[in-house]
$ cat model_31.pdb   # PDB, C-alpha atoms, pLDDT in the B column
ATOM      1  CA  MET A 799     -14.468 112.786 -33.547  1.00 48.00           C
ATOM      2  CA  GLY A 800     -10.699 112.426 -33.578  1.00 50.00           C
ATOM      3  CA  VAL A 801      -8.583 109.381 -34.148  1.00 58.00           C
ATOM      4  CA  ARG A 802      -8.886 106.715 -31.462  1.00 65.00           C
ATOM      5  CA  SER A 803      -6.508 103.892 -30.667  1.00 61.00           C
ATOM      6  CA  ALA A 804      -7.488 100.550 -32.199  1.00 71.00           C
ATOM      7  CA  GLY A 805      -8.705  98.350 -29.395  1.00 88.00           C
ATOM      8  CA  VAL A 806     -10.748  95.324 -28.533  1.00 93.00           C
ATOM      9  CA  LEU A 807     -14.238  94.809 -29.897  1.00 97.00           C
ATOM     10  CA  ARG A 808     -16.785  93.485 -27.417  1.00 97.00           C
ATOM     11  CA  LEU A 809     -20.010  91.985 -28.723  1.00 98.00           C
ATOM     12  CA  GLY A 810     -22.285  89.873 -26.589  1.00 96.00           C
ATOM     13  CA  ARG A 811     -20.145  87.499 -24.549  1.00 94.00           C
ATOM     14  CA  ARG A 812     -17.257  87.716 -26.985  1.00 97.00           C
ATOM     15  CA  ARG A 813     -14.092  89.805 -26.868  1.00 96.00           C
ATOM     16  CA  PHE A 814     -12.193  90.207 -30.145  1.00 97.00           C
ATOM     17  CA  GLU A 815      -8.610  91.443 -30.273  1.00 95.00           C
ATOM     18  CA  PRO A 816      -7.509  94.122 -32.779  1.00 93.00           C
ATOM     19  CA  ARG A 817      -5.677  91.661 -35.060  1.00 93.00           C
ATOM     20  CA  GLN A 818      -8.532  89.166 -35.349  1.00 96.00           C
ATOM     21  CA  LEU A 819     -10.284  88.994 -38.731  1.00 97.00           C
ATOM     22  CA  LEU A 820     -13.958  88.138 -38.294  1.00 98.00           C
ATOM     23  CA  VAL A 821     -16.643  86.770 -40.602  1.00 98.00           C
ATOM     24  CA  MET A 822     -20.237  87.955 -40.313  1.00 97.00           C
ATOM     25  CA  ALA A 823     -22.617  85.677 -42.200  1.00 96.00           C
ATOM     26  CA  VAL A 824     -25.743  87.243 -43.646  1.00 90.00           C
ATOM     27  CA  ALA A 825     -28.462  84.974 -42.282  1.00 71.00           C
ATOM     28  CA  PRO A 826     -31.745  84.364 -44.089  1.00 55.00           C
ATOM     29  CA  GLY A 827     -34.023  85.035 -41.129  1.00 50.00           C
ATOM     30  CA  PRO A 828     -37.815  84.969 -41.293  1.00 57.00           C
ATOM     31  CA  ALA A 829     -39.527  86.741 -44.169  1.00 54.00           C
ATOM     32  CA  ALA A 830     -42.952  87.998 -45.005  1.00 46.00           C
ATOM     33  CA  GLU A 831     -44.836  85.704 -47.358  1.00 45.00           C
ATOM     34  CA  GLY A 832     -43.149  85.776 -50.734  1.00 43.00           C
ATOM     35  CA  GLY A 833     -40.431  88.097 -49.451  1.00 43.00           C
ATOM     36  CA  GLN A 834     -36.650  87.970 -49.315  1.00 42.00           C
ATOM     37  CA  THR A 835     -34.086  89.770 -47.254  1.00 38.00           C
ATOM     38  CA  SER A 836     -32.337  92.631 -48.997  1.00 37.00           C
ATOM     39  CA  SER A 837     -29.097  90.651 -49.033  1.00 37.00           C
ATOM     40  CA  ALA A 838     -30.464  87.505 -50.691  1.00 34.00           C
ATOM     41  CA  ALA A 839     -28.346  86.375 -53.608  1.00 34.00           C
ATOM     42  CA  GLU A 840     -29.309  84.553 -56.763  1.00 34.00           C
ATOM     43  CA  GLY A 841     -27.224  81.599 -57.823  1.00 36.00           C
ATOM     44  CA  GLY A 842     -23.483  81.276 -58.176  1.00 41.00           C
ATOM     45  CA  GLN A 843     -22.962  80.428 -54.516  1.00 43.00           C
ATOM     46  CA  THR A 844     -20.578  77.677 -53.537  1.00 47.00           C
ATOM     47  CA  SER A 845     -20.657  77.220 -49.770  1.00 58.00           C
ATOM     48  CA  SER A 846     -23.548  75.592 -47.928  1.00 59.00           C
ATOM     49  CA  ALA A 847     -24.199  78.807 -46.035  1.00 66.00           C
ATOM     50  CA  ALA A 848     -24.346  80.830 -49.247  1.00 60.00           C
ATOM     51  CA  GLU A 849     -26.820  78.390 -50.775  1.00 58.00           C
ATOM     52  CA  GLY A 850     -29.178  79.156 -47.893  1.00 50.00           C
ATOM     53  CA  GLY A 851     -28.898  82.914 -48.271  1.00 44.00           C
ATOM     54  CA  GLN A 852     -32.577  83.567 -48.945  1.00 46.00           C
ATOM     55  CA  ALA A 853     -35.100  84.601 -46.364  1.00 50.00           C
ATOM     56  CA  SER A 854     -37.357  81.781 -45.263  1.00 56.00           C
ATOM     57  CA  SER A 855     -40.670  81.686 -43.428  1.00 60.00           C
ATOM     58  CA  ASP A 856     -39.668  78.225 -42.181  1.00 75.00           C
ATOM     59  CA  PRO A 857     -37.612  78.555 -38.955  1.00 79.00           C
ATOM     60  CA  ALA A 858     -36.133  75.080 -39.479  1.00 84.00           C
ATOM     61  CA  VAL A 859     -34.724  76.106 -42.867  1.00 85.00           C
ATOM     62  CA  ALA A 860     -33.308  79.308 -41.411  1.00 85.00           C
ATOM     63  CA  MET A 861     -31.695  77.391 -38.544  1.00 90.00           C
ATOM     64  CA  GLU A 862     -30.103  74.920 -40.956  1.00 92.00           C
ATOM     65  CA  TRP A 863     -28.487  77.904 -42.633  1.00 92.00           C
ATOM     66  CA  VAL A 864     -27.164  79.134 -39.287  1.00 93.00           C
ATOM     67  CA  HIS A 865     -25.754  75.680 -38.510  1.00 96.00           C
ATOM     68  CA  SER A 866     -23.938  75.699 -41.870  1.00 95.00           C
ATOM     69  CA  ALA A 867     -22.596  79.221 -41.359  1.00 96.00           C
ATOM     70  CA  VAL A 868     -21.206  78.373 -37.920  1.00 97.00           C
ATOM     71  CA  ALA A 869     -19.682  75.121 -39.178  1.00 97.00           C
ATOM     72  CA  GLU A 870     -17.957  77.033 -41.984  1.00 97.00           C
ATOM     73  CA  GLY A 871     -16.359  79.508 -39.600  1.00 97.00           C
ATOM     74  CA  ALA A 872     -18.750  82.418 -39.040  1.00 97.00           C
ATOM     75  CA  ASP A 873     -18.055  84.479 -35.923  1.00 98.00           C
ATOM     76  CA  MET A 874     -21.348  86.340 -36.258  1.00 97.00           C
ATOM     77  CA  VAL A 875     -24.659  86.061 -38.082  1.00 96.00           C
ATOM     78  CA  GLU A 876     -26.861  88.934 -39.148  1.00 95.00           C
ATOM     79  CA  VAL A 877     -30.631  88.719 -39.631  1.00 90.00           C
ATOM     80  CA  SER A 878     -32.728  91.284 -41.478  1.00 84.00           C
ATOM     81  CA  GLY A 879     -35.699  92.464 -39.434  1.00 73.00           C
ATOM     82  CA  VAL A 880     -38.701  94.256 -40.904  1.00 67.00           C
ATOM     83  CA  PRO A 881     -41.665  95.711 -38.995  1.00 65.00           C
ATOM     84  CA  GLU A 882     -44.134  93.248 -40.534  1.00 56.00           C
ATOM     85  CA  VAL A 883     -42.279  90.191 -39.240  1.00 65.00           C
ATOM     86  CA  SER A 884     -40.839  89.783 -35.769  1.00 71.00           C
ATOM     87  CA  VAL A 885     -37.365  88.303 -35.813  1.00 89.00           C
ATOM     88  CA  ALA A 886     -37.386  87.868 -32.039  1.00 93.00           C
ATOM     89  CA  PRO A 887     -38.426  84.177 -31.998  1.00 93.00           C
ATOM     90  CA  PHE A 888     -35.693  83.342 -34.502  1.00 92.00           C
ATOM     91  CA  VAL A 889     -33.083  85.305 -32.541  1.00 94.00           C
ATOM     92  CA  ALA A 890     -34.171  83.521 -29.360  1.00 95.00           C
ATOM     93  CA  THR A 891     -33.789  80.119 -31.037  1.00 94.00           C
ATOM     94  CA  VAL A 892     -30.321  80.934 -32.339  1.00 94.00           C
ATOM     95  CA  ARG A 893     -29.300  82.278 -28.936  1.00 97.00           C
ATOM     96  CA  ASP A 894     -30.504  79.099 -27.225  1.00 97.00           C
ATOM     97  CA  VAL A 895     -28.505  76.873 -29.575  1.00 97.00           C
ATOM     98  CA  TYR A 896     -25.390  79.089 -29.790  1.00 97.00           C
ATOM     99  CA  PRO A 897     -24.916  81.016 -26.514  1.00 97.00           C
ATOM    100  CA  GLU A 898     -21.550  82.469 -27.623  1.00 97.00           C
ATOM    101  CA  LEU A 899     -22.444  83.357 -31.208  1.00 98.00           C
ATOM    102  CA  VAL A 900     -22.742  87.069 -31.971  1.00 98.00           C
ATOM    103  CA  ILE A 901     -26.226  87.736 -33.376  1.00 97.00           C
ATOM    104  CA  GLY A 902     -26.827  90.922 -35.336  1.00 96.00           C
ATOM    105  CA  VAL A 903     -30.120  92.357 -36.541  1.00 95.00           C
ATOM    106  CA  ARG A 904     -30.340  94.771 -39.454  1.00 93.00           C
ATOM    107  CA  THR A 905     -33.418  96.961 -39.110  1.00 92.00           C
ATOM    108  CA  GLY A 906     -34.595 100.540 -39.221  1.00 90.00           C
ATOM    109  CA  SER A 907     -37.344  99.909 -36.686  1.00 91.00           C
ATOM    110  CA  ASP A 908     -36.682 100.601 -33.033  1.00 92.00           C
ATOM    111  CA  GLU A 909     -39.623  98.311 -32.176  1.00 92.00           C
ATOM    112  CA  VAL A 910     -38.038  95.378 -34.022  1.00 92.00           C
ATOM    113  CA  ALA A 911     -34.672  96.252 -32.486  1.00 94.00           C
ATOM    114  CA  ARG A 912     -36.076  96.262 -28.969  1.00 95.00           C
ATOM    115  CA  GLU A 913     -37.801  92.903 -29.446  1.00 95.00           C
ATOM    116  CA  ALA A 914     -34.650  91.412 -30.957  1.00 95.00           C
ATOM    117  CA  CYS A 915     -32.432  92.678 -28.137  1.00 97.00           C
ATOM    118  CA  THR A 916     -34.854  91.302 -25.573  1.00 97.00           C
ATOM    119  CA  ALA A 917     -34.579  87.934 -27.332  1.00 97.00           C
ATOM    120  CA  GLY A 918     -30.775  88.010 -27.235  1.00 97.00           C
ATOM    121  CA  ALA A 919     -29.426  90.048 -30.166  1.00 97.00           C
ATOM    122  CA  ASP A 920     -25.932  91.500 -29.654  1.00 98.00           C
ATOM    123  CA  LEU A 921     -25.619  93.960 -32.527  1.00 98.00           C
ATOM    124  CA  LEU A 922     -27.805  96.442 -34.449  1.00 97.00           C
ATOM    125  CA  SER A 923     -27.305  97.946 -37.893  1.00 94.00           C
ATOM    126  CA  GLY A 924     -29.255  99.584 -40.677  1.00 87.00           C
ATOM    127  CA  GLY A 925     -30.049 103.291 -40.697  1.00 79.00           C
ATOM    128  CA  LEU A 926     -29.202 103.928 -37.065  1.00 83.00           C
ATOM    129  CA  SER A 927     -31.501 106.688 -35.878  1.00 86.00           C
ATOM    130  CA  GLY A 928     -31.633 108.259 -32.449  1.00 91.00           C
ATOM    131  CA  PRO A 929     -34.245 105.780 -31.142  1.00 93.00           C
ATOM    132  CA  LEU A 930     -32.215 102.792 -32.365  1.00 95.00           C
ATOM    133  CA  LEU A 931     -29.083 104.126 -30.690  1.00 96.00           C
ATOM    134  CA  TYR A 932     -30.937 104.547 -27.427  1.00 96.00           C
ATOM    135  CA  VAL A 933     -32.188 100.956 -27.690  1.00 97.00           C
ATOM    136  CA  ALA A 934     -28.591  99.813 -28.220  1.00 97.00           C
ATOM    137  CA  ALA A 935     -27.417 101.819 -25.216  1.00 97.00           C
ATOM    138  CA  GLU A 936     -30.253 100.514 -23.057  1.00 98.00           C
ATOM    139  CA  PHE A 937     -29.498  96.876 -23.816  1.00 98.00           C
ATOM    140  CA  GLY A 938     -25.709  97.246 -23.939  1.00 98.00           C
ATOM    141  CA  VAL A 939     -25.445  95.912 -27.495  1.00 98.00           C
ATOM    142  CA  GLY A 940     -23.148  96.906 -30.334  1.00 98.00           C
ATOM    143  CA  VAL A 941     -23.909  99.025 -33.399  1.00 97.00           C
ATOM    144  CA  ILE A 942     -22.650  99.379 -36.964  1.00 97.00           C
ATOM    145  CA  GLY A 943     -22.795 102.771 -38.639  1.00 94.00           C
ATOM    146  CA  SER A 944     -20.907 105.472 -40.467  1.00 93.00           C
ATOM    147  CA  LEU A 945     -17.906 107.317 -39.073  1.00 92.00           C
ATOM    148  CA  THR A 946     -20.112 110.181 -37.919  1.00 91.00           C
ATOM    149  CA  GLY A 947     -22.649 107.649 -36.678  1.00 92.00           C
ATOM    150  CA  ALA A 948     -19.991 106.173 -34.407  1.00 94.00           C
ATOM    151  CA  ALA A 949     -19.670 109.489 -32.618  1.00 93.00           C
ATOM    152  CA  ARG A 950     -23.446 109.763 -32.268  1.00 95.00           C
ATOM    153  CA  ALA A 951     -23.623 106.243 -30.882  1.00 96.00           C
ATOM    154  CA  VAL A 952     -21.146 107.023 -28.123  1.00 96.00           C
ATOM    155  CA  GLU A 953     -22.966 110.268 -27.333  1.00 95.00           C
ATOM    156  CA  ALA A 954     -26.190 108.223 -27.035  1.00 96.00           C
ATOM    157  CA  GLY A 955     -24.566 105.949 -24.463  1.00 97.00           C
ATOM    158  CA  VAL A 956     -23.277 103.016 -26.508  1.00 97.00           C
ATOM    159  CA  GLU A 957     -19.923 101.797 -25.195  1.00 97.00           C
ATOM    160  CA  SER A 958     -17.109 102.647 -27.606  1.00 96.00           C
ATOM    161  CA  GLU A 959     -15.838  99.050 -27.563  1.00 96.00           C
ATOM    162  CA  ARG A 960     -19.174  97.992 -29.069  1.00 97.00           C
ATOM    163  CA  VAL A 961     -19.117 100.370 -32.052  1.00 97.00           C
ATOM    164  CA  MET A 962     -18.056  99.526 -35.621  1.00 97.00           C
ATOM    165  CA  VAL A 963     -17.932 101.694 -38.731  1.00 96.00           C
ATOM    166  CA  GLU A 964     -18.941 100.389 -42.126  1.00 96.00           C
ATOM    167  CA  GLY A 965     -17.500 101.185 -45.526  1.00 91.00           C
ATOM    168  CA  SER A 966     -16.029  99.519 -48.599  1.00 85.00           C
ATOM    169  CA  ARG A 967     -14.303 102.641 -49.946  1.00 88.00           C
ATOM    170  CA  GLN A 968     -11.348 104.465 -48.482  1.00 92.00           C
ATOM    171  CA  VAL A 969     -10.933 101.536 -46.115  1.00 95.00           C
ATOM    172  CA  ALA A 970      -7.423 102.585 -45.101  1.00 95.00           C
ATOM    173  CA  ASP A 971      -8.729 105.995 -43.997  1.00 95.00           C
ATOM    174  CA  LEU A 972     -11.492 104.374 -41.967  1.00 95.00           C
ATOM    175  CA  VAL A 973      -8.977 102.025 -40.349  1.00 95.00           C
ATOM    176  CA  ALA A 974      -6.796 105.031 -39.494  1.00 94.00           C
ATOM    177  CA  SER A 975      -9.701 106.482 -37.495  1.00 93.00           C
ATOM    178  CA  GLY A 976      -9.168 103.701 -34.959  1.00 94.00           C
ATOM    179  CA  TRP A 977     -12.728 102.355 -35.068  1.00 95.00           C
ATOM    180  CA  PRO A 978     -13.169  98.673 -35.986  1.00 96.00           C
ATOM    181  CA  VAL A 979     -14.086  98.604 -39.682  1.00 97.00           C
ATOM    182  CA  LEU A 980     -16.692  96.322 -41.273  1.00 97.00           C
ATOM    183  CA  VAL A 981     -16.814  95.795 -45.033  1.00 97.00           C
ATOM    184  CA  SER A 982     -19.592  94.132 -47.008  1.00 94.00           C
ATOM    185  CA  LEU A 983     -18.751  91.975 -50.014  1.00 92.00           C
ATOM    186  CA  SER A 984     -21.138  91.816 -52.947  1.00 80.00           C
ATOM    187  CA  ASP A 985     -21.126  88.015 -53.386  1.00 74.00           C
ATOM    188  CA  SER A 986     -21.511  88.578 -57.125  1.00 80.00           C
ATOM    189  CA  ASP A 987     -18.004  87.491 -58.107  1.00 88.00           C
ATOM    190  CA  LEU A 988     -16.215  84.872 -56.022  1.00 90.00           C
ATOM    191  CA  ALA A 989     -12.665  85.619 -57.196  1.00 93.00           C
ATOM    192  CA  GLY A 990     -13.154  89.361 -56.908  1.00 93.00           C
ATOM    193  CA  ASP A 991     -14.811  89.104 -53.510  1.00 94.00           C
ATOM    194  CA  LEU A 992     -11.998  86.988 -52.089  1.00 95.00           C
ATOM    195  CA  ALA A 993      -9.384  89.339 -53.530  1.00 96.00           C
ATOM    196  CA  ARG A 994     -11.160  92.301 -51.935  1.00 96.00           C
ATOM    197  CA  ALA A 995     -11.427  90.445 -48.631  1.00 96.00           C
ATOM    198  CA  ALA A 996      -7.681  89.781 -48.662  1.00 97.00           C
ATOM    199  CA  VAL A 997      -6.801  93.385 -49.542  1.00 96.00           C
ATOM    200  CA  PHE A 998      -9.205  94.888 -47.021  1.00 97.00           C
ATOM    201  CA  GLY A 999      -7.959  92.497 -44.353  1.00 96.00           C
ATOM    202  CA  TRP A1000      -4.384  93.478 -45.061  1.00 96.00           C
ATOM    203  CA  LEU A1001      -5.355  97.158 -44.829  1.00 96.00           C
ATOM    204  CA  GLY A1002      -6.816  96.560 -41.390  1.00 95.00           C
ATOM    205  CA  ALA A1003     -10.550  95.930 -41.829  1.00 97.00           C
ATOM    206  CA  ARG A1004     -11.698  93.594 -39.073  1.00 97.00           C
ATOM    207  CA  VAL A1005     -15.205  92.333 -39.883  1.00 98.00           C
ATOM    208  CA  PHE A1006     -16.427  90.986 -43.237  1.00 97.00           C
ATOM    209  CA  ARG A1007     -20.155  90.740 -43.968  1.00 96.00           C
ATOM    210  CA  VAL A1008     -20.567  87.920 -46.491  1.00 94.00           C
ATOM    211  CA  GLN A1009     -22.659  85.010 -47.657  1.00 90.00           C
ATOM    212  CA  ARG A1010     -19.663  82.936 -48.806  1.00 92.00           C
ATOM    213  CA  VAL A1011     -18.480  82.019 -45.324  1.00 96.00           C
ATOM    214  CA  ARG A1012     -16.108  79.118 -45.905  1.00 96.00           C
ATOM    215  CA  GLU A1013     -14.257  80.722 -48.791  1.00 96.00           C
ATOM    216  CA  THR A1014     -13.932  84.069 -47.026  1.00 96.00           C
ATOM    217  CA  ARG A1015     -12.683  82.411 -43.845  1.00 97.00           C
ATOM    218  CA  ARG A1016      -9.934  80.669 -45.817  1.00 96.00           C
ATOM    219  CA  ALA A1017      -8.873  83.908 -47.505  1.00 96.00           C
ATOM    220  CA  LEU A1018      -8.731  85.763 -44.198  1.00 97.00           C
ATOM    221  CA  SER A1019      -6.803  82.945 -42.536  1.00 95.00           C
ATOM    222  CA  MET A1020      -4.217  83.273 -45.311  1.00 95.00           C
ATOM    223  CA  VAL A1021      -3.916  87.005 -44.593  1.00 96.00           C
ATOM    224  CA  SER A1022      -3.523  86.349 -40.865  1.00 95.00           C
ATOM    225  CA  ALA A1023      -0.831  83.737 -41.551  1.00 93.00           C
ATOM    226  CA  ILE A1024       1.106  86.065 -43.865  1.00 93.00           C
ATOM    227  CA  ARG A1025       0.968  88.799 -41.218  1.00 92.00           C
ATOM    228  CA  GLY A1026       2.281  86.332 -38.658  1.00 90.00           C
ATOM    229  CA  ASP A1027      -0.837  86.473 -36.485  1.00 88.00           C
ATOM    230  CA  ILE A1028      -1.514  82.724 -36.756  1.00 89.00           C
ATOM    231  CA  PRO A1029       0.622  79.774 -37.853  1.00 88.00           C
ATOM    232  CA  PRO A1030       0.231  78.703 -41.493  1.00 83.00           C
ATOM    233  CA  ALA A1031      -2.187  75.867 -42.197  1.00 75.00           C
ATOM    234  CA  TYR A1032       0.641  73.942 -43.908  1.00 69.00           C
ATOM    235  CA  ALA A1033       4.351  74.382 -43.271  1.00 66.00           C
ATOM    236  CA  VAL A1034       6.506  73.026 -46.084  1.00 65.00           C
ATOM    237  CA  ARG A1035      10.292  73.160 -45.856  1.00 65.00           C
ATOM    238  CA  GLY A1036      12.217  73.268 -49.111  1.00 58.00           C
ATOM    239  CA  LEU A1037      15.231  70.967 -49.317  1.00 57.00           C
ATOM    240  CA  ALA A1038      18.292  71.805 -51.377  1.00 56.00           C
TER     241      ALA A1038
END
$ encode --input "model_31.pdb" --output "structure tokens"
Amino acid sequence: MGVRSAGVLRLGRRRFEPRQLLVMAVAPGPAAEGGQTSSAAEGGQTSSAAEGGQASSDPAVAMEWVHSAVAEGADMVEVSGVPEVSVAPFVATVRDVYPELVIGVRTGSDEVAREACTAGADLLSGGLSGPLLYVAAEFGVGVIGSLTGAARAVEAGVESERVMVEGSRQVADLVASGWPVLVSLSDSDLAGDLARAAVFGWLGARVFRVQRVRETRRALSMVSAIRGDIPPAYAVRGLA
């Protein structure tokens, strides 16, 4: 597919302009007994949301994490869904509490995806196969995939304004394609992650999948202020 003009991103009830830098928090979600989501991190976290980054079989614990992520500035949350455990009840609870929050589900199962979309999910990711793309098209939700996957998504009926491409390498080239670009940060090194967030944001990436919500939000706000998209948090005038 050729280069497209950068445009708005529509997910759920939200409309995001091309210059907005968005934070996607990796939510813990429900887990099978003794299990963790693939994005769970071990130690070294600093924000409240990051400290809750493990999968939990207790919905109350998972919801506390979501509350923290939203309070720290998350525009979206993403839950990992596996066939053994339905994420639909958790998605429904989050949707009831946060009607405007973008809820993503990462799964390779079209059954889990369908249940999650019925419960109120806005976004699907994770090994997007033909069946998953058709679920996304049926429910009018967004998808995250590769550059070639973006073309397949549109061919399957997903609206182009609801498609993102993912990649943490050759970010500038992905941005040049015109599709909204999502990058995932490792959460293994705070200073390095924030530096990468700032660089990728400056290059034009638009969505950042993280566990360190508060810190990433601050870094991206700095980038937006330097670019002139938002006023600086503090304006200090030097006097001669």
$ residues_near_point --input "model_31.pdb" --point "(-18.8, 89.8, -28.6)" --cutoff "8 Å" --atoms "only C-alpha atoms" --output "ChimeraX atom specification"
/A:807-814,898-900,920
$ closest_residue --input "model_31.pdb" --among "A:Ala858, A:Ile901, A:Ala995, A:Ala804" --to "Pro816 in chain A" --atoms "only C-alpha atoms"
A:Ala804
$ resolve_selection --input "model_31.pdb" --expression "the PyMOL selection byres ((chain A and resi 821) around 10)" --output "PyMOL selection string"
chain A and resi 818-820+822-824+867-868+870-875+980+1004-1012+1014-1015+1018
$ resolve_selection --input "model_31.pdb" --expression "the PyMOL selection byres ((chain A and resi 921-936) around 8)" --output "PDB file with C-alpha atoms, keeping the file's coordinate frame"
ATOM      1  CA  LEU A 809     -20.010  91.985 -28.723  1.00 98.00           C
ATOM      2  CA  GLY A 810     -22.285  89.873 -26.589  1.00 96.00           C
ATOM      3  CA  VAL A 900     -22.742  87.069 -31.971  1.00 98.00           C
ATOM      4  CA  ILE A 901     -26.226  87.736 -33.376  1.00 97.00           C
ATOM      5  CA  GLY A 902     -26.827  90.922 -35.336  1.00 96.00           C
ATOM      6  CA  VAL A 903     -30.120  92.357 -36.541  1.00 95.00           C
ATOM      7  CA  ARG A 904     -30.340  94.771 -39.454  1.00 93.00           C
ATOM      8  CA  THR A 905     -33.418  96.961 -39.110  1.00 92.00           C
ATOM      9  CA  GLY A 906     -34.595 100.540 -39.221  1.00 90.00           C
ATOM     10  CA  SER A 907     -37.344  99.909 -36.686  1.00 91.00           C
ATOM     11  CA  ASP A 908     -36.682 100.601 -33.033  1.00 92.00           C
ATOM     12  CA  ALA A 911     -34.672  96.252 -32.486  1.00 94.00           C
ATOM     13  CA  ARG A 912     -36.076  96.262 -28.969  1.00 95.00           C
ATOM     14  CA  ALA A 919     -29.426  90.048 -30.166  1.00 97.00           C
ATOM     15  CA  ASP A 920     -25.932  91.500 -29.654  1.00 98.00           C
ATOM     16  CA  PHE A 937     -29.498  96.876 -23.816  1.00 98.00           C
ATOM     17  CA  GLY A 938     -25.709  97.246 -23.939  1.00 98.00           C
ATOM     18  CA  VAL A 939     -25.445  95.912 -27.495  1.00 98.00           C
ATOM     19  CA  GLY A 940     -23.148  96.906 -30.334  1.00 98.00           C
ATOM     20  CA  VAL A 941     -23.909  99.025 -33.399  1.00 97.00           C
ATOM     21  CA  ILE A 942     -22.650  99.379 -36.964  1.00 97.00           C
ATOM     22  CA  GLY A 943     -22.795 102.771 -38.639  1.00 94.00           C
ATOM     23  CA  GLY A 947     -22.649 107.649 -36.678  1.00 92.00           C
ATOM     24  CA  ALA A 951     -23.623 106.243 -30.882  1.00 96.00           C
ATOM     25  CA  ALA A 954     -26.190 108.223 -27.035  1.00 96.00           C
ATOM     26  CA  GLY A 955     -24.566 105.949 -24.463  1.00 97.00           C
ATOM     27  CA  VAL A 956     -23.277 103.016 -26.508  1.00 97.00           C
ATOM     28  CA  GLU A 957     -19.923 101.797 -25.195  1.00 97.00           C
TER      29      GLU A 957
END
$ atom_distance --input "model_31.pdb" --atom1 "CA of Ala1003 in chain A" --atom2 "CA of Ser866 in chain A"
24.3 Å
$ atom_distance --input "model_31.pdb" --atom1 "CA of Ala1017 in chain A" --atom2 "CA of Pro897 in chain A"
26.6 Å
$ closest_residue --input "model_31.pdb" --among "A:Leu988, A:Ala949, A:Ile1028, A:Val997" --to "Ser966 in chain A" --atoms "only C-alpha atoms"
A:Val997
$ atom_distance --input "model_31.pdb" --atom1 "CA of Val979 in chain A" --atom2 "CA of Gly965 in chain A"
7.2 Å
$ residues_around --input "model_31.pdb" --residues "Asp971 in chain A" --least-positions-apart "4" --cutoff "10 Å" --atoms "only C-alpha atoms" --output "PyMOL selection string"
chain A and resi 967+975-976+1001-1002
$ closest_residue --input "model_31.pdb" --among "A:Leu992, A:Val889, A:Met962, A:Val864" --to "Cys915 in chain A" --atoms "all atoms listed in the file"
A:Val889
